[in-house]
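input.cif, holding mmCIF, C-alpha atoms:
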data_my_file
#
loop_
_atom_site.label_atom_id
_atom_site.label_comp_id
_atom_site.auth_asym_id
_atom_site.auth_seq_id
_atom_site.Cartn_x
_atom_site.Cartn_y
_atom_site.Cartn_z
CA MET C 1 -31.49 83.54 -32.93
CA ALA C 2 -31.43 80.72 -35.39
CA SER C 3 -31.03 77.06 -34.58
CA ARG C 4 -31.15 74.28 -37.12
CA LEU C 5 -33.05 71.38 -35.53
CA ALA C 6 -32.76 68.34 -37.80
CA ASP C 7 -34.67 69.16 -41.03
CA SER C 8 -36.66 72.08 -39.63
CA VAL C 9 -35.50 75.60 -38.91
CA PHE C 10 -36.86 77.36 -35.84
CA LEU C 11 -36.44 81.01 -34.93
CA PHE C 12 -36.43 81.53 -31.17
CA ILE C 13 -36.96 85.13 -30.08
CA GLY C 14 -37.56 85.17 -26.35
CA PRO C 15 -40.60 86.75 -24.64
CA ASN C 16 -42.25 87.58 -27.96
CA HIS C 17 -41.31 84.26 -29.53
CA SER C 18 -42.16 83.57 -33.13
CA LEU C 19 -41.88 80.10 -34.50
CA PHE C 20 -41.24 79.51 -38.15
CA GLY C 21 -41.16 76.20 -39.86
CA SER C 22 -39.81 75.38 -43.25
CA GLN C 23 -41.79 77.11 -45.97
CA LYS C 24 -41.34 74.39 -48.55
CA ILE C 25 -44.54 72.89 -49.90
CA ALA C 26 -44.48 69.34 -51.16
CA SER C 27 -47.06 68.01 -53.61
CA PHE C 28 -48.04 64.38 -53.88
CA HIS C 29 -50.40 63.42 -56.67
CA SER C 30 -52.04 60.30 -57.95
CA PRO C 31 -54.27 60.30 -61.04
CA GLY C 32 -56.86 63.06 -60.63
CA ILE C 33 -55.85 63.99 -57.03
CA CYS C 34 -53.34 66.58 -55.84
CA GLN C 35 -52.47 66.91 -52.14
CA LEU C 36 -50.53 69.82 -50.70
CA LYS C 37 -48.85 69.89 -47.31
CA TRP C 38 -46.30 71.93 -45.37
CA ASP C 39 -42.85 70.46 -44.80
CA GLY C 40 -42.26 71.39 -41.16
CA LEU C 41 -44.22 73.55 -38.73
CA GLN C 42 -46.93 75.86 -40.04
CA LEU C 43 -46.13 79.55 -40.14
CA LYS C 44 -47.39 81.69 -37.31
CA GLY C 45 -50.49 83.48 -38.56
CA ILE C 46 -50.89 81.21 -41.58
CA LYS C 47 -53.61 78.59 -41.67
CA GLN C 48 -52.59 75.24 -43.11
CA ARG C 49 -54.95 74.00 -45.80
CA ARG C 50 -55.16 70.50 -47.17
CA CYS C 51 -56.71 70.36 -50.62
CA SER C 52 -57.96 67.48 -52.74
CA VAL C 53 -58.56 69.02 -56.17
CA PRO C 54 -59.67 67.09 -59.24
CA THR C 55 -57.17 67.86 -61.98
CA LYS C 56 -55.67 66.65 -65.16
CA ARG C 57 -52.04 65.72 -65.26
CA ASN C 58 -51.11 68.93 -67.10
CA ASN C 59 -52.93 71.31 -64.75
CA ILE C 60 -50.91 73.61 -62.49
CA ILE C 61 -52.07 73.70 -58.87
CA GLN C 62 -51.40 76.85 -56.89
CA ALA C 63 -51.37 76.76 -53.08
CA VAL C 64 -52.95 79.75 -51.38
CA ALA C 65 -51.87 80.79 -47.87
CA ILE C 66 -54.83 82.27 -46.00
CA PRO C 67 -53.92 84.69 -43.19
CA VAL C 68 -55.64 84.16 -39.84
CA ALA C 69 -55.33 85.93 -36.52
CA PRO C 70 -51.98 84.99 -34.90
CA SER C 71 -51.96 83.01 -31.67
CA SER C 72 -51.42 85.05 -28.55
CA PRO C 73 -48.06 84.44 -26.80
CA ASP C 74 -50.10 83.73 -23.67
CA SER C 75 -52.42 81.21 -25.32
CA ALA C 76 -52.38 77.50 -24.48
CA ASP C 77 -51.91 76.57 -28.15
CA TYR C 78 -48.88 78.83 -28.46
CA ARG C 79 -47.27 77.42 -25.31
CA LYS C 80 -47.96 73.90 -26.54
CA GLN C 81 -46.22 74.73 -29.82
CA LEU C 82 -43.24 76.19 -27.97
CA ALA C 83 -43.07 73.16 -25.66
CA GLU C 84 -42.90 70.79 -28.62
CA SER C 85 -40.18 72.79 -30.37
CA TYR C 86 -38.07 73.10 -27.19
CA GLY C 87 -38.48 69.48 -26.04
CA PHE C 88 -40.76 70.27 -23.08
CA LYS C 89 -43.86 68.46 -21.89
CA GLN C 90 -45.34 71.73 -20.64
CA ILE C 91 -44.43 75.41 -20.64
CA GLY C 92 -46.18 77.18 -17.79
CA GLU C 93 -48.35 80.24 -17.95
CA PRO C 94 -46.75 83.47 -16.69
CA LEU C 95 -47.11 83.67 -12.92
CA PRO C 96 -49.10 86.75 -11.79
CA GLU C 97 -46.96 89.55 -10.38
CA ASN C 98 -48.82 89.61 -7.06
CA VAL C 99 -47.97 86.00 -6.16
CA THR C 100 -45.15 85.69 -3.63
CA VAL C 101 -42.87 82.80 -2.68
CA ARG C 102 -44.56 82.84 0.73
CA ASP C 103 -47.92 82.20 -0.97
CA VAL C 104 -46.49 79.13 -2.68
CA ILE C 105 -44.76 77.82 0.46
CA GLU C 106 -47.92 78.15 2.53
CA SER C 107 -49.81 76.00 0.02
CA LEU C 108 -47.47 73.05 0.73
CA PRO C 109 -48.36 70.44 3.36
CA LYS C 110 -46.31 70.77 6.56
CA LYS C 111 -45.12 67.16 6.37
CA VAL C 112 -42.88 67.85 3.34
CA PHE C 113 -40.63 70.00 5.57
CA GLU C 114 -40.17 67.29 8.21
CA ILE C 115 -36.70 65.80 8.64
CA ASP C 116 -36.71 62.01 8.97
CA ASP C 117 -33.40 60.62 10.28
CA VAL C 118 -34.13 57.13 8.95
CA LYS C 119 -34.76 58.38 5.41
CA ALA C 120 -31.74 60.69 5.58
CA TRP C 121 -29.33 57.94 6.59
CA ARG C 122 -30.94 55.55 4.12
CA SER C 123 -29.88 57.96 1.38
CA VAL C 124 -26.31 57.78 2.72
CA LEU C 125 -26.50 53.97 2.62
CA ILE C 126 -27.79 54.01 -0.98
CA SER C 127 -24.95 56.28 -2.11
CA ALA C 128 -22.22 54.43 -0.20
CA THR C 129 -23.42 51.03 -1.48
CA SER C 130 -23.84 52.13 -5.09
CA TYR C 131 -20.43 53.86 -5.04
CA ALA C 132 -18.74 50.75 -3.61
CA LEU C 133 -20.48 48.65 -6.26
CA GLY C 134 -19.17 51.03 -8.92
CA LEU C 135 -15.59 50.72 -7.70
CA PHE C 136 -15.98 46.92 -7.70
CA MET C 137 -17.30 47.04 -11.27
CA ILE C 138 -14.29 49.13 -12.33
CA SER C 139 -11.92 46.59 -10.74
CA LYS C 140 -13.50 43.65 -12.59
CA ALA C 141 -14.69 45.11 -15.89
CA PRO C 142 -12.80 44.39 -19.13
CA TRP C 143 -11.59 47.51 -20.88
CA TYR C 144 -14.58 47.68 -23.24
CA LEU C 145 -17.05 47.76 -20.31
CA LEU C 146 -15.16 50.38 -18.32
CA PRO C 147 -17.25 53.30 -19.68
CA LEU C 148 -20.37 51.66 -18.21
CA ALA C 149 -18.63 51.19 -14.87
CA TRP C 150 -17.39 54.79 -14.90
CA GLY C 151 -20.88 56.02 -15.77
CA TRP C 152 -22.46 54.12 -12.88
CA THR C 153 -19.80 55.23 -10.40
CA GLY C 154 -20.00 58.86 -11.52
CA THR C 155 -23.77 58.80 -11.07
CA ALA C 156 -23.42 57.14 -7.66
CA VAL C 157 -20.93 59.75 -6.42
CA THR C 158 -23.37 62.44 -7.59
CA GLY C 159 -25.60 61.07 -4.83
CA PHE C 160 -22.90 62.09 -2.31
CA PHE C 161 -23.15 65.62 -3.68
CA VAL C 162 -26.93 65.64 -3.15
CA ILE C 163 -26.46 64.49 0.47
CA GLY C 164 -24.00 67.34 1.07
CA HIS C 165 -26.44 69.64 -0.72
CA ASP C 166 -29.17 68.70 1.81
CA CYS C 167 -26.74 69.32 4.66
CA ALA C 168 -25.94 72.79 3.33
CA HIS C 169 -29.66 73.62 3.20
CA LYS C 170 -30.21 72.32 6.77
CA SER C 171 -32.59 69.66 5.50
CA PHE C 172 -30.54 66.56 6.38
CA SER C 173 -30.44 66.58 10.19
CA LYS C 174 -31.71 68.62 13.12
CA SER C 175 -28.09 68.90 14.29
CA LYS C 176 -25.98 71.58 12.62
CA ILE C 177 -22.77 69.82 13.69
CA VAL C 178 -23.90 66.56 12.09
CA GLU C 179 -24.77 68.40 8.89
CA ASP C 180 -21.39 70.14 8.75
CA ILE C 181 -19.51 66.87 9.26
CA VAL C 182 -21.61 64.81 6.85
CA GLY C 183 -21.62 67.59 4.25
CA THR C 184 -17.84 67.97 4.38
CA LEU C 185 -17.24 64.20 4.13
CA ALA C 186 -19.79 63.77 1.31
CA PHE C 187 -18.03 66.42 -0.77
CA LEU C 188 -14.49 65.05 -0.25
CA PRO C 189 -14.54 62.37 -3.01
CA LEU C 190 -15.49 65.19 -5.38
CA ILE C 191 -12.70 67.45 -4.00
CA TYR C 192 -15.43 70.04 -3.55
CA PRO C 193 -14.89 72.40 -0.59
CA TYR C 194 -18.17 72.28 1.33
CA GLU C 195 -18.32 75.71 2.99
CA PRO C 196 -17.30 77.74 -0.09
CA TRP C 197 -19.91 75.90 -2.11
CA ARG C 198 -22.57 76.46 0.57
CA PHE C 199 -21.96 80.21 0.69
CA LYS C 200 -22.16 80.59 -3.09
CA HIS C 201 -25.09 78.22 -3.48
CA ASP C 202 -27.15 80.15 -0.95
CA LYS C 203 -26.78 83.18 -3.20
CA HIS C 204 -27.96 81.12 -6.20
CA HIS C 205 -31.20 80.42 -4.34
CA ALA C 206 -31.61 84.01 -3.22
CA LYS C 207 -30.92 85.42 -6.71
CA THR C 208 -32.06 82.67 -9.10
CA ASN C 209 -31.90 83.84 -12.74
CA MET C 210 -30.99 87.40 -11.68
CA LEU C 211 -28.54 89.04 -14.04
CA ALA C 212 -25.04 89.58 -12.61
CA GLU C 213 -26.09 88.07 -9.26
CA ASP C 214 -26.93 84.39 -9.78
CA THR C 215 -23.82 82.32 -9.00
CA ALA C 216 -24.83 79.25 -11.02
CA TRP C 217 -25.36 79.43 -14.80
CA HIS C 218 -25.47 82.74 -16.55
CA PRO C 219 -25.83 83.88 -20.18
CA VAL C 220 -22.76 85.30 -21.90
CA TRP C 221 -22.57 89.09 -21.90
CA LYS C 222 -22.34 90.52 -25.44
CA GLY C 223 -19.66 93.01 -24.33
CA GLU C 224 -17.47 90.25 -22.91
CA PHE C 225 -17.94 88.20 -26.05
CA ASP C 226 -16.90 91.06 -28.35
CA GLU C 227 -13.90 92.27 -26.36
CA VAL C 228 -11.28 89.52 -26.66
CA PRO C 229 -11.10 87.18 -29.69
CA LEU C 230 -9.37 84.44 -27.66
CA LEU C 231 -12.06 84.59 -24.98
CA ARG C 232 -14.69 84.47 -27.70
CA LYS C 233 -13.38 81.14 -28.96
CA ALA C 234 -13.24 79.75 -25.42
CA LEU C 235 -16.83 80.81 -24.72
CA ILE C 236 -18.12 79.19 -27.92
CA PHE C 237 -16.54 75.88 -26.96
CA ALA C 238 -17.56 76.18 -23.28
CA TYR C 239 -21.22 76.96 -23.97
CA GLY C 240 -21.29 74.55 -26.90
CA PRO C 241 -19.60 71.11 -27.01
CA PHE C 242 -17.97 71.38 -23.54
CA ARG C 243 -21.12 72.54 -21.78
CA PRO C 244 -21.85 69.15 -20.15
CA TRP C 245 -18.56 69.58 -18.25
CA MET C 246 -18.58 73.35 -17.72
CA SER C 247 -19.23 72.86 -14.00
CA ILE C 248 -15.51 72.03 -13.73
CA GLY C 249 -14.75 75.66 -14.54
CA HIS C 250 -17.39 76.81 -12.05
CA TRP C 251 -15.88 74.53 -9.36
CA TYR C 252 -12.39 75.93 -9.94
CA LEU C 253 -13.21 79.63 -10.35
CA TRP C 254 -15.74 80.09 -7.56
CA HIS C 255 -14.57 77.99 -4.62
CA PHE C 256 -10.81 78.33 -4.09
CA ASP C 257 -10.25 82.10 -4.15
CA LEU C 258 -10.48 83.61 -0.65
CA ASN C 259 -11.07 87.05 -2.15
CA LYS C 260 -14.52 85.91 -3.31
CA PHE C 261 -15.77 85.54 0.28
CA ARG C 262 -16.78 87.95 3.01
CA PRO C 263 -14.42 88.32 5.98
CA ASN C 264 -16.79 86.46 8.31
CA GLU C 265 -16.82 83.49 5.90
CA VAL C 266 -13.09 83.11 5.37
CA LYS C 267 -12.35 81.01 8.48
CA ARG C 268 -14.87 78.32 7.53
CA VAL C 269 -13.71 78.46 3.90
CA LYS C 270 -10.11 77.79 4.99
CA ILE C 271 -11.19 74.73 7.02
CA SER C 272 -13.01 73.29 4.00
CA LEU C 273 -10.06 73.95 1.71
CA ALA C 274 -7.71 72.26 4.19
CA CYS C 275 -9.95 69.16 4.19
CA VAL C 276 -9.99 69.03 0.39
CA PHE C 277 -6.22 69.43 0.06
CA ALA C 278 -5.68 66.77 2.75
CA PHE C 279 -7.93 64.36 0.86
CA MET C 280 -6.03 65.03 -2.35
CA ALA C 281 -2.65 64.54 -0.65
CA VAL C 282 -3.59 61.37 1.23
CA GLY C 283 -6.36 59.84 -0.89
CA TRP C 284 -4.74 60.36 -4.28
CA SER C 285 -1.38 59.16 -2.98
CA LEU C 286 -2.90 55.93 -1.66
CA ILE C 287 -4.77 55.29 -4.91
CA ILE C 288 -1.60 55.81 -6.97
CA LEU C 289 0.50 53.78 -4.53
CA LYS C 290 -1.88 50.80 -4.74
CA THR C 291 -3.02 50.96 -8.37
CA GLY C 292 -0.68 53.32 -10.22
CA VAL C 293 -1.54 56.38 -12.29
CA MET C 294 -3.91 54.35 -14.48
CA GLY C 295 -5.70 53.25 -11.32
CA TRP C 296 -6.11 56.92 -10.31
CA ILE C 297 -7.61 57.61 -13.74
CA ASN C 298 -9.94 54.58 -13.55
CA TYR C 299 -11.06 54.83 -9.93
CA TRP C 300 -11.15 58.58 -9.42
CA LEU C 301 -10.75 60.79 -12.50
CA MET C 302 -13.28 59.13 -14.82
CA PRO C 303 -16.06 58.89 -12.16
CA TRP C 304 -15.29 62.52 -11.26
CA LEU C 305 -15.81 63.54 -14.88
CA GLY C 306 -19.05 61.51 -14.81
CA TYR C 307 -20.16 63.46 -11.76
CA HIS C 308 -19.44 66.77 -13.50
CA PHE C 309 -21.41 65.61 -16.54
CA TRP C 310 -24.47 65.23 -14.30
CA MET C 311 -23.69 68.38 -12.32
CA SER C 312 -23.53 70.43 -15.53
CA THR C 313 -26.47 68.73 -17.22
CA PHE C 314 -28.78 68.92 -14.21
CA THR C 315 -27.96 72.57 -13.55
CA MET C 316 -28.38 73.82 -17.11
CA VAL C 317 -31.66 71.95 -17.57
CA HIS C 318 -32.98 73.31 -14.24
CA HIS C 319 -32.71 76.96 -15.28
CA THR C 320 -31.96 77.29 -19.00
CA ALA C 321 -34.45 77.47 -21.88
CA PRO C 322 -35.17 80.02 -24.61
CA HIS C 323 -38.39 81.11 -22.86
CA ILE C 324 -36.90 81.43 -19.34
CA PRO C 325 -35.45 84.93 -18.88
CA PHE C 326 -32.61 86.26 -16.79
CA LYS C 327 -33.71 89.65 -15.44
CA PRO C 328 -31.97 92.65 -13.87
CA SER C 329 -32.66 93.19 -10.18
CA ASP C 330 -35.19 96.00 -10.76
CA LYS C 331 -37.37 93.71 -12.91
CA TRP C 332 -36.75 90.43 -11.08
CA ASN C 333 -39.58 88.65 -9.24
CA ALA C 334 -38.66 85.93 -6.72
CA ALA C 335 -41.80 83.81 -7.17
CA GLN C 336 -41.54 83.92 -10.96
CA ALA C 337 -37.87 82.94 -10.83
CA GLN C 338 -38.36 80.03 -8.41
CA LEU C 339 -41.70 78.58 -9.59
CA ASN C 340 -41.93 79.84 -13.17
CA GLY C 341 -38.22 79.96 -14.02
CA THR C 342 -37.16 76.53 -12.71
CA VAL C 343 -37.63 73.34 -14.72
CA HIS C 344 -38.78 69.93 -13.52
CA CYS C 345 -37.15 67.20 -15.65
CA ASP C 346 -37.76 63.45 -15.48
CA TYR C 347 -34.74 61.20 -15.93
CA PRO C 348 -34.58 57.37 -16.02
CA ARG C 349 -35.58 55.98 -12.62
CA TRP C 350 -32.15 54.52 -11.78
CA ILE C 351 -30.62 57.99 -12.14
CA GLU C 352 -33.32 59.50 -9.91
CA ILE C 353 -32.68 56.84 -7.24
CA LEU C 354 -28.88 57.27 -7.24
CA CYS C 355 -29.21 61.09 -7.30
CA HIS C 356 -31.97 61.25 -4.65
CA ASP C 357 -34.60 62.99 -6.80
CA ILE C 358 -32.62 66.22 -7.13
CA ASN C 359 -34.26 66.80 -10.53
CA VAL C 360 -37.62 67.21 -8.85
CA HIS C 361 -36.29 70.72 -8.66
CA ILE C 362 -39.16 73.19 -8.53
CA PRO C 363 -40.13 72.46 -4.90
CA HIS C 364 -36.45 72.68 -3.96
CA HIS C 365 -36.37 76.25 -5.28
CA VAL C 366 -39.66 77.15 -3.66
CA SER C 367 -38.11 76.10 -0.33
CA PRO C 368 -34.58 74.66 0.02
CA ARG C 369 -35.58 73.37 3.47
CA ILE C 370 -37.52 70.49 1.88
CA PRO C 371 -35.42 67.28 2.26
CA SER C 372 -34.62 65.46 -0.98
CA TYR C 373 -36.74 62.45 0.06
CA ASN C 374 -39.81 64.71 0.31
CA LEU C 375 -39.38 66.49 -3.02
CA LYS C 376 -41.75 64.19 -4.93
CA ALA C 377 -44.58 64.72 -2.43
CA ALA C 378 -43.98 68.48 -2.54
CA HIS C 379 -44.01 68.42 -6.35
CA GLU C 380 -47.37 66.64 -6.39
CA SER C 381 -48.78 69.34 -4.12
CA LEU C 382 -47.40 72.09 -6.37
CA GLN C 383 -48.94 70.42 -9.41
CA GLN C 384 -52.35 70.44 -7.74
CA ASN C 385 -52.18 74.11 -6.73
CA TRP C 386 -49.82 75.76 -9.21
CA GLY C 387 -49.48 73.21 -12.01
CA LYS C 388 -50.44 75.51 -14.87
CA TYR C 389 -47.47 77.79 -14.08
CA MET C 390 -44.82 75.04 -14.03
CA ASN C 391 -42.28 74.08 -16.70
CA GLU C 392 -41.93 70.32 -17.08
CA ALA C 393 -39.86 68.11 -19.35
CA LYS C 394 -38.66 64.56 -19.76
CA TRP C 395 -34.99 64.37 -20.68
CA ASN C 396 -34.60 64.16 -24.45
CA TRP C 397 -32.14 65.08 -27.16
CA ARG C 398 -34.14 68.04 -28.46
CA LEU C 399 -34.14 69.62 -25.01
CA MET C 400 -30.35 69.35 -24.83
CA LYS C 401 -29.86 70.44 -28.43
CA VAL C 402 -31.85 73.63 -27.96
CA ILE C 403 -29.93 74.55 -24.79
CA MET C 404 -26.51 73.82 -26.30
CA THR C 405 -27.10 75.46 -29.70
CA VAL C 406 -29.41 78.36 -28.84
CA CYS C 407 -29.03 79.52 -25.22
CA HIS C 408 -25.79 81.50 -25.39
CA VAL C 409 -25.67 85.32 -25.37
CA TYR C 410 -27.96 87.48 -23.22
CA ASP C 411 -30.49 89.58 -25.10
CA GLU C 412 -33.01 91.78 -23.31
CA THR C 413 -35.87 91.15 -25.73
CA LYS C 414 -35.08 87.64 -26.98
CA ASN C 415 -33.64 86.21 -23.71
CA TYR C 416 -30.89 84.42 -25.65
CA VAL C 417 -29.10 84.89 -28.95
CA SER C 418 -27.13 82.01 -30.45
CA PHE C 419 -23.41 82.32 -31.18
CA GLU C 420 -24.36 81.47 -34.76
CA GLU C 421 -26.19 84.79 -35.01
CA VAL C 422 -23.62 86.86 -33.13
CA ALA C 423 -20.49 85.41 -34.77
CA PRO C 424 -21.45 83.02 -37.57
CA GLU C 425 -17.94 82.79 -38.99
CA GLU C 426 -16.54 81.55 -35.65
CA SER C 427 -19.41 79.27 -34.65
CA GLU C 428 -18.32 76.04 -36.32
CA PRO C 429 -18.52 74.15 -32.95
CA ILE C 430 -22.20 75.13 -32.70
CA LYS C 431 -22.84 74.19 -36.33
CA PHE C 432 -21.15 70.86 -35.62
CA LEU C 433 -23.54 70.26 -32.68
CA ASN C 434 -26.50 71.11 -34.89
CA ARG C 435 -25.37 68.49 -37.39
CA LEU C 436 -24.37 65.89 -34.80
CA MET C 437 -27.06 65.98 -32.10
CA PRO C 438 -30.33 64.11 -32.69
CA ASP C 439 -33.61 66.02 -32.64
CA TYR C 440 -35.64 63.36 -30.83
CA ALA C 441 -38.14 64.60 -28.28
#

Reformat the file's structure so that it appears as C-alpha cells.
Amino acid sequence: MASRLADSVFLFIGPNHSLFGSQKIASFHSPGICQLKWDGLQLKGIKQRRCSVPTKRNNIIQAVAIPVAPSSPDSADYRKQLAESYGFKQIGEPLPENVTVRDVIESLPKKVFEIDDVKAWRSVLISATSYALGLFMISKAPWYLLPLAWGWTGTAVTGFFVIGHDCAHKSFSKSKIVEDIVGTLAFLPLIYPYEPWRFKHDKHHAKTNMLAEDTAWHPVWKGEFDEVPLLRKALIFAYGPFRPWMSIGHWYLWHFDLNKFRPNEVKRVKISLACVFAFMAVGWSLIILKTGVMGWINYWLMPWLGYHFWMSTFTMVHHTAPHIPFKPSDKWNAAQAQLNGTVHCDYPRWIEILCHDINVHIPHHVSPRIPSYNLKAAHESLQQNWGKYMNEAKWNWRLMKVIMTVCHVYDETKNYVSFEEVAPEESEPIKFLNRLMPDYA
C-alpha cells in the first residue's frame, strides 16, 4: 500500500509492516573527502554507513550496503520508526491477550467516575457562551473575517455535541430525565436526533474496530469497491478529499431510517426525530425570516459544516491508523480495541477547552461512564499503569496525510490498502492529496 509522503516513499503493510525509504544515495565531496548518505529513511535490514575516504578527484567511490539483522516488529526501535513515519508520538506495544477491560478499569482511581454537577453545568456555560460569542462575531465580521468566525462557532457548537455525548453515556447527571432533556436540547442546533445517535453510538463502544459491527468508521470492503464503478468513484472522493466531512453521510444514513432500529427503540427514536424536524421548521424559518437565506448560511450552515469537520476529524484520528487493525468478531479482543486500538491526540488548547477534552479519548473508551471533565485525570492514571501500550499523537499534517491517503480498503494482512494500489488509474483525488498536503510532523 504505497503512499508518497513529500520526498520520501513509504510502504505500509499492516501487522508485519516494512518501511522503505528512498534508495537514492547522494555524494558530497570536497578535495580529498567523499561523504555518502541515504536520501530518506534507511532500508529495513540495511545498516547505514557514513564513510570519509581519502581519494583523488578521478577515483570512483562505491557504497557498500552491509546487511544486519532486521528489527523485530515488536521492538521499541521499530515502533519508534513507525511512529515517526505515521506522525505519532508513540505507538504502543501489543497488549497481552489475557488483559481484560475490567483489569484496566479497576486500575483507575474511583474519583474519575464521580459526577460533579458544578463541573457539568460549567461545561454547558462554556459552550453556550462561546457559541453566543461566535454568533456575535459572525454578525460583526467583515466578509474576509467570516471564515474565522465560522471556524470558532463550529468549534463551539461541537462542545454542545460533547455535552449530549456525556448525557448519552450517563456521565452528565445522576438524573436520567435531566440527561435526556439536556442531551436532546444540546443536539438540536446540530439537527442530530439524540436517541438514534445514542443507540448507534453504544454499539460503537461495544464493538470498537470490529469488522461489520462497529457503527463509526470502517474500512472499505474490496468487494463493494469492485462491484459498481460509480460507487467506486464516490468512495475514493469520500475517503479522500471529502473525508473531513464524511460524518455528514454517517449522520444522514444511520439516524433517520426507522428500519435500522429495534422495535423497542422506535418510540424514543420517533420522539427525537420529531424534535429535530420541529427545530428545523421553527428555527430555520426564524433565521431566514430575520436574516434571509444568506443569514441562514452564515449563522447556521457554515458553523454546522465546521462542526462536521471536527466530528469527522476527531473520529477518524481516534480509531484510524495503518497499524490499528479492524478484526472479525472471532479474533477481536475488547481490551486491545479500547486501550490499544484507540488514539490519544493533542490539539491546540483552545480547541480542547471548547470541545471539553473529548480527544483525551482512550479513557473514554476504557469506560464511557467517565465524565468529560475527568478524562485528563483518567488519562494520567492510564499512562502510569498502561502507558507503554497506548497510542499517542499531537495533531499534525503527516498524521492526517497518512490517514487520508493510505487508510482506505480493508486487507486482512496489511490492515489497509490504499486506493492508489487497488485502482491506480482512478485514484487521481488521492494523488492530488499526496501532492497537496504537507508532510510536517

Neighbour list for stretch 299-302 of chain C as a list of chain:residue names, cut-off 8 Å, only C-alpha atoms, skip fewer than 5 positions in-chain: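 The contact residues come out as C:Leu135, C:Ile138, C:Trp150, C:Gly154.
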
Run through the PyMOL selection byres ((chain C and resi 199-214) around 8) on the given coordinates and return the selected residues as a tab-separated table (two decimals) with C-alpha atoms, keeping the file's coordinate frame.
chain	number	residue	atom	x	y	z
C	195	GLU	CA	-18.32	75.71	2.99
C	196	PRO	CA	-17.30	77.74	-0.09
C	197	TRP	CA	-19.91	75.90	-2.11
C	198	ARG	CA	-22.57	76.46	0.57
C	215	THR	CA	-23.82	82.32	-9.00
C	216	ALA	CA	-24.83	79.25	-11.02
C	217	TRP	CA	-25.36	79.43	-14.80
C	218	HIS	CA	-25.47	82.74	-16.55
C	254	TRP	CA	-15.74	80.09	-7.56
C	319	HIS	CA	-32.71	76.96	-15.28
C	325	PRO	CA	-35.45	84.93	-18.88
C	326	PHE	CA	-32.61	86.26	-16.79
C	327	LYS	CA	-33.71	89.65	-15.44
C	328	PRO	CA	-31.97	92.65	-13.87
C	329	SER	CA	-32.66	93.19	-10.18
C	332	TRP	CA	-36.75	90.43	-11.08
C	334	ALA	CA	-38.66	85.93	-6.72
C	337	ALA	CA	-37.87	82.94	-10.83
C	338	GLN	CA	-38.36	80.03	-8.41
C	341	GLY	CA	-38.22	79.96	-14.02
C	365	HIS	CA	-36.37	76.25	-5.28
C	368	PRO	CA	-34.58	74.66	0.02

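With all atoms listed in the file as the atoms that count, the residue of C:Pro244, C:Asn333, C:Cys355, C:Gln81 with the shortest distance to C:Lys401 is C:Pro244.
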
Find the residues near C:Val366: any atom within 7 Å, counting only C-alpha atoms, skip ones fewer than 4 places away on the same chain, and give them as a PDB file with C-alpha atoms, in the frame of the given file.
ATOM      1  CA  VAL C 101     -42.870  82.800  -2.680  1.00  0.00           C
ATOM      2  CA  ILE C 105     -44.760  77.820   0.460  1.00  0.00           C
ATOM      3  CA  GLN C 338     -38.360  80.030  -8.410  1.00  0.00           C
ATOM      4  CA  LEU C 339     -41.700  78.580  -9.590  1.00  0.00           C
ATOM      5  CA  ILE C 362     -39.160  73.190  -8.530  1.00  0.00           C
TER       6      ILE C 362
END

Distance of atom CA of C:Met390 from atom CA of C:Ser75, expressed in Å to one decimal place: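 Answer for the atom CA of C:Ser75 to atom CA of C:Met390 separation: 14.9 Å.
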
Counting all atoms listed in the file, the residue of C:Ala141, C:Met246, C:Val360, C:Leu82 that sits nearest C:Ala234: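 Of C:Ala141, C:Met246, C:Val360, C:Leu82, the one nearest C:Ala234, counting all atoms listed in the file, is C:Met246.
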
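Pairwise distance (atom CA of C:Phe314, atom CA of C:Trp397) equals 13.9 Å.
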
Pull the closest atom pair for each residue of stretch 167-234 of chain C that gets at most 7 Å from stretch 115-128 of chain C, along with the distance in Å to one decimal, counting all atoms listed in the file, ordering rows by chain and then ascending residue number, as JSON lines.
{"residue": "C:Ser171", "atom": "CA", "partner": "C:Ile115", "partner_atom": "CA", "distance": 6.5}
{"residue": "C:Phe172", "atom": "CA", "partner": "C:Ala120", "partner_atom": "CA", "distance": 6.0}
{"residue": "C:Ser173", "atom": "CA", "partner": "C:Ile115", "partner_atom": "CA", "distance": 6.5}

Explicit residues for the PyMOL selection byres ((chain C and resi 430) around 9) (as an MDAnalysis selection string): chainID C and resid 236:237 239:241 404:406 418:420 427:429 431:435

Test item: which residues lie within 7 Å of (-24.6, 84.5, -25.4) counting only C-alpha atoms, as a list in words: Pro219, Val220, Trp221, Lys222, Cys407, His408, Val409, Tyr410, Tyr416, Val417, Ser418 and Phe419 of chain C

One-decimal distance in Å that lies between atom CA of C:Cys167 and atom CA of C:Val182: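 A separation of 7.2 Å between them.
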
Residues returned when the PyMOL selection byres ((chain C and resi 277-292) around 12) runs on this file, as a PyMOL selection string: chain C and resi 139+184-193+256+270-276+293-301

I need the chosen residues saved as a CSV table (one decimal), keeping the file's coordinate frame, with C-alpha atoms.
chain,number,residue,atom,x,y,z
C,139,SER,CA,-11.9,46.6,-10.7
C,184,THR,CA,-17.8,68.0,4.4
C,185,LEU,CA,-17.2,64.2,4.1
C,186,ALA,CA,-19.8,63.8,1.3
C,187,PHE,CA,-18.0,66.4,-0.8
C,188,LEU,CA,-14.5,65.0,-0.2
C,189,PRO,CA,-14.5,62.4,-3.0
C,190,LEU,CA,-15.5,65.2,-5.4
C,191,ILE,CA,-12.7,67.4,-4.0
C,192,TYR,CA,-15.4,70.0,-3.6
C,193,PRO,CA,-14.9,72.4,-0.6
C,256,PHE,CA,-10.8,78.3,-4.1
C,270,LYS,CA,-10.1,77.8,5.0
C,271,ILE,CA,-11.2,74.7,7.0
C,272,SER,CA,-13.0,73.3,4.0
C,273,LEU,CA,-10.1,74.0,1.7
C,274,ALA,CA,-7.7,72.3,4.2
C,275,CYS,CA,-10.0,69.2,4.2
C,276,VAL,CA,-10.0,69.0,0.4
C,293,VAL,CA,-1.5,56.4,-12.3
C,294,MET,CA,-3.9,54.4,-14.5
C,295,GLY,CA,-5.7,53.2,-11.3
C,296,TRP,CA,-6.1,56.9,-10.3
C,297,ILE,CA,-7.6,57.6,-13.7
C,298,ASN,CA,-9.9,54.6,-13.6
C,299,TYR,CA,-11.1,54.8,-9.9
C,300,TRP,CA,-11.2,58.6,-9.4
C,301,LEU,CA,-10.8,60.8,-12.5

Who sits within 10 Å of C:Pro96, only C-alpha atoms, same chain under 6 positions skipped, as a PyMOL selection string: chain C and resi 335-336+389
